[in-house]
Amino acid sequence: MKISVVIPLYNEGVLVERLVDEVRQQLDLMDETFELVCVDDGSTDDTLAKLLDLRNSKNNQLKLIALSRNFGLQAAITAGLDHATGDFVVIMDGDLQDPPEMIPVLISKIKNSKADIVSAVRNTRQEKFSKRFYINVFHKIFKNISESEQVEQSGNFSVLNRKAVDAVLRFSEHNRYFPGIRNFIGFKHEFVLYDRPDRPEGSAKMSRKKLFALAADAIYSFSKWPIKACLYLGLSGVVIFLLAIIYTLVSKITGLAPFGWSSTFLAISFFGSVQLTFLGLIGEYIFRIYKEVQKRPIYFVKEVYDNTGSEETK
């Protein structure tokens with residue numbers, strides 16, 4: 001069996017050498033044929049240069065995919081899966097928060113359980129409180145509103161067999177959320193627990209803005225909740241409006257007619273806000289539809305450095 005390890009990287013020059021060495025150590029212990037597929041997602045530091053030095057020196061199993069620019073984490077994962085040739089494919093982040101020592105655990109689990117997918121589920125997290133709070137809130141919400149079954153605290157770190165990888169690669173959408181796609185395809189899915197450490201060096205590349213954007217991609221792609229929320233809000237407005245009509249008629253009949261402009265102003269503000277919210281939501285869906293019908297490539301490869309030493313430009 002051949003094992004591929006896909007690692008997307010963006011400006012990880014401070015720890016990429018340590019990352020590759022630790023992953024190789026774990027793969028060497030398994031006595032299996034393997035390849036390490038590192039995807040440089042348009043890094044502006046020395047990440048690619050260090051990877052090339054590693055490949056030219058002692059890592060002939062190292063395959064490098066250099067993208068033409070920064071396309072984002074999900075696109076980089078897709079590029080890695082496209083170029084991975086293993087019977088089992090491990091996907092992990094490039095910041096050493098997915099411990100390399102968990103790779104043998106994942107491989108052992110998928111072999112022994114005859115599963116198609118094994119995901120690593122975070123038992124504890126050691127990041128900053130604010131980041132843990134946002135992520136925990138997202139996982140709680142997404143699990144409850146998603147149309148498919150989701151597992152809390154399960155990120156990209158996982159191993160898939162070739163059948164599951166081929167199924168994932170059939171997705172062509174531009175706005176993608178890999179954990180959601182992985183759960184959507186079905187197949188037999190198992191899990192292992194692990195403790196997620198903080199970054200040993202450097203700063204996180206997933207800013208708060210990127211985390212919120214990724215959460216939006218997940219919700220819009222795998223839930224009808226935004227549309228349903230607007231429907232419920234609209235129905236609530238109708239009920240409030242009918243109650244206001246009844247109140248006005250009763251007040252007129254009893255001689256207690258409402259006075260002043262405050263009620264009128266509040267009503268106009270309420271319905272105006274509802275309409276603007278609806279327009280914003282519809283605009284978001286239209287924009288995403290427009291992005292999809294353009295059918296632009298998810299990524300562009302600048303160079304491929306494969307494990308035989310050849311170079312390819314696309």
# chains A, B, ... in the order shown; residues from 1 in each chain; ligands from 1
call {"tool": "residues_around", "arguments": {"residues": "segment 274-289 of chain A", "least_positions_apart": "6", "cutoff": "9 Å", "atoms": "only C-alpha atoms", "output": "list in words"}}
result
His174, Asn175, Tyr220, Pro226, Ile227, Cys230, Leu233, Gly234 and Gly237 of chain A
call {"tool": "write_last_selection", "arguments": {"atoms": "N, CA and C atoms", "output": "mmCIF file, in the first residue's frame"}}
result
data_model
loop_
_atom_site.group_PDB
_atom_site.id
_atom_site.type_symbol
_atom_site.label_atom_id
_atom_site.label_comp_id
_atom_site.auth_asym_id
_atom_site.auth_seq_id
_atom_site.Cartn_x
_atom_site.Cartn_y
_atom_site.Cartn_z
ATOM 1 N N HIS A 174 -16.679 26.026 -6.492
ATOM 2 C CA HIS A 174 -15.578 26.934 -6.213
ATOM 3 C C HIS A 174 -15.480 27.232 -4.720
ATOM 4 N N ASN A 175 -16.617 27.535 -4.091
ATOM 5 C CA ASN A 175 -16.652 27.777 -2.648
ATOM 6 C C ASN A 175 -16.843 26.438 -1.943
ATOM 7 N N TYR A 220 -23.477 28.252 3.814
ATOM 8 C CA TYR A 220 -24.199 28.446 2.549
ATOM 9 C C TYR A 220 -24.197 27.170 1.698
ATOM 10 N N PRO A 226 -29.972 29.926 6.142
ATOM 11 C CA PRO A 226 -30.104 31.364 5.850
ATOM 12 C C PRO A 226 -31.446 31.709 5.205
ATOM 13 N N ILE A 227 -31.859 30.900 4.210
ATOM 14 C CA ILE A 227 -33.145 31.156 3.563
ATOM 15 C C ILE A 227 -34.301 30.937 4.537
ATOM 16 N N CYS A 230 -34.706 33.817 6.931
ATOM 17 C CA CYS A 230 -35.401 34.951 6.311
ATOM 18 C C CYS A 230 -36.900 34.692 6.224
ATOM 19 N N LEU A 233 -38.308 35.157 9.654
ATOM 20 C CA LEU A 233 -38.300 36.570 10.009
ATOM 21 C C LEU A 233 -39.404 37.309 9.267
ATOM 22 N N GLY A 234 -39.595 36.970 7.981
ATOM 23 C CA GLY A 234 -40.674 37.584 7.214
ATOM 24 C C GLY A 234 -42.040 37.250 7.767
ATOM 25 N N GLY A 237 -42.679 39.222 10.811
ATOM 26 C CA GLY A 237 -43.072 40.589 10.466
ATOM 27 C C GLY A 237 -44.532 40.687 10.078
#
call {"tool": "residues_around", "arguments": {"residues": "Asp45 of chain A", "least_positions_apart": "3", "cutoff": "10 Å", "atoms": "only C-alpha atoms", "output": "JSON list (two decimals) with N, CA and C atoms, in the first residue's frame"}}
result
[["chain", "number", "residue", "atom", "x", "y", "z"],
["A", 10, "TYR", "N", 1.32, 27.86, 3.44],
["A", 10, "TYR", "CA", 1.34, 29.27, 3.05],
["A", 10, "TYR", "C", 2.17, 30.05, 4.07],
["A", 11, "ASN", "N", 3.32, 30.52, 3.64],
["A", 11, "ASN", "CA", 4.23, 31.31, 4.49],
["A", 11, "ASN", "C", 4.56, 30.58, 5.79],
["A", 12, "GLU", "N", 4.98, 29.32, 5.67],
["A", 12, "GLU", "CA", 5.35, 28.51, 6.83],
["A", 12, "GLU", "C", 6.86, 28.23, 6.85],
["A", 13, "GLY", "N", 7.66, 29.21, 6.37],
["A", 13, "GLY", "CA", 9.10, 29.01, 6.29],
["A", 13, "GLY", "C", 9.76, 28.76, 7.63],
["A", 14, "VAL", "N", 9.18, 29.28, 8.73],
["A", 14, "VAL", "CA", 9.83, 29.15, 10.03],
["A", 14, "VAL", "C", 9.77, 27.73, 10.56],
["A", 42, "GLY", "N", 1.20, 29.83, -2.97],
["A", 42, "GLY", "CA", 1.61, 31.19, -3.29],
["A", 42, "GLY", "C", 2.32, 31.89, -2.16],
["A", 48, "LEU", "N", 8.85, 27.86, -0.21],
["A", 48, "LEU", "CA", 9.14, 27.04, -1.40],
["A", 48, "LEU", "C", 10.62, 26.78, -1.53],
["A", 49, "ALA", "N", 11.44, 27.76, -1.26],
["A", 49, "ALA", "CA", 12.89, 27.58, -1.36],
["A", 49, "ALA", "C", 13.38, 26.52, -0.39],
["A", 50, "LYS", "N", 12.86, 26.53, 0.81],
["A", 50, "LYS", "CA", 13.27, 25.52, 1.79],
["A", 50, "LYS", "C", 12.77, 24.13, 1.39]]
call {"tool": "residues_around", "arguments": {"residues": "Ala115 of chain A", "least_positions_apart": "4", "cutoff": "12 Å", "atoms": "only C-alpha atoms", "output": "ChimeraX atom specification"}}
result
/A:88,106-111,119,158-164,186-191
call {"tool": "closest_residue", "arguments": {"among": "A:Thr47, A:Pro104, A:Asn112, A:Ala84", "to": "Asp31 of chain A", "atoms": "only C-alpha atoms"}}
result
A:Pro104
call {"tool": "closest_residue", "arguments": {"among": "A:Val6, A:Thr124, A:Leu29, A:Ile268", "to": "Asn156 of chain A", "atoms": "only C-alpha atoms"}}
result
A:Val6
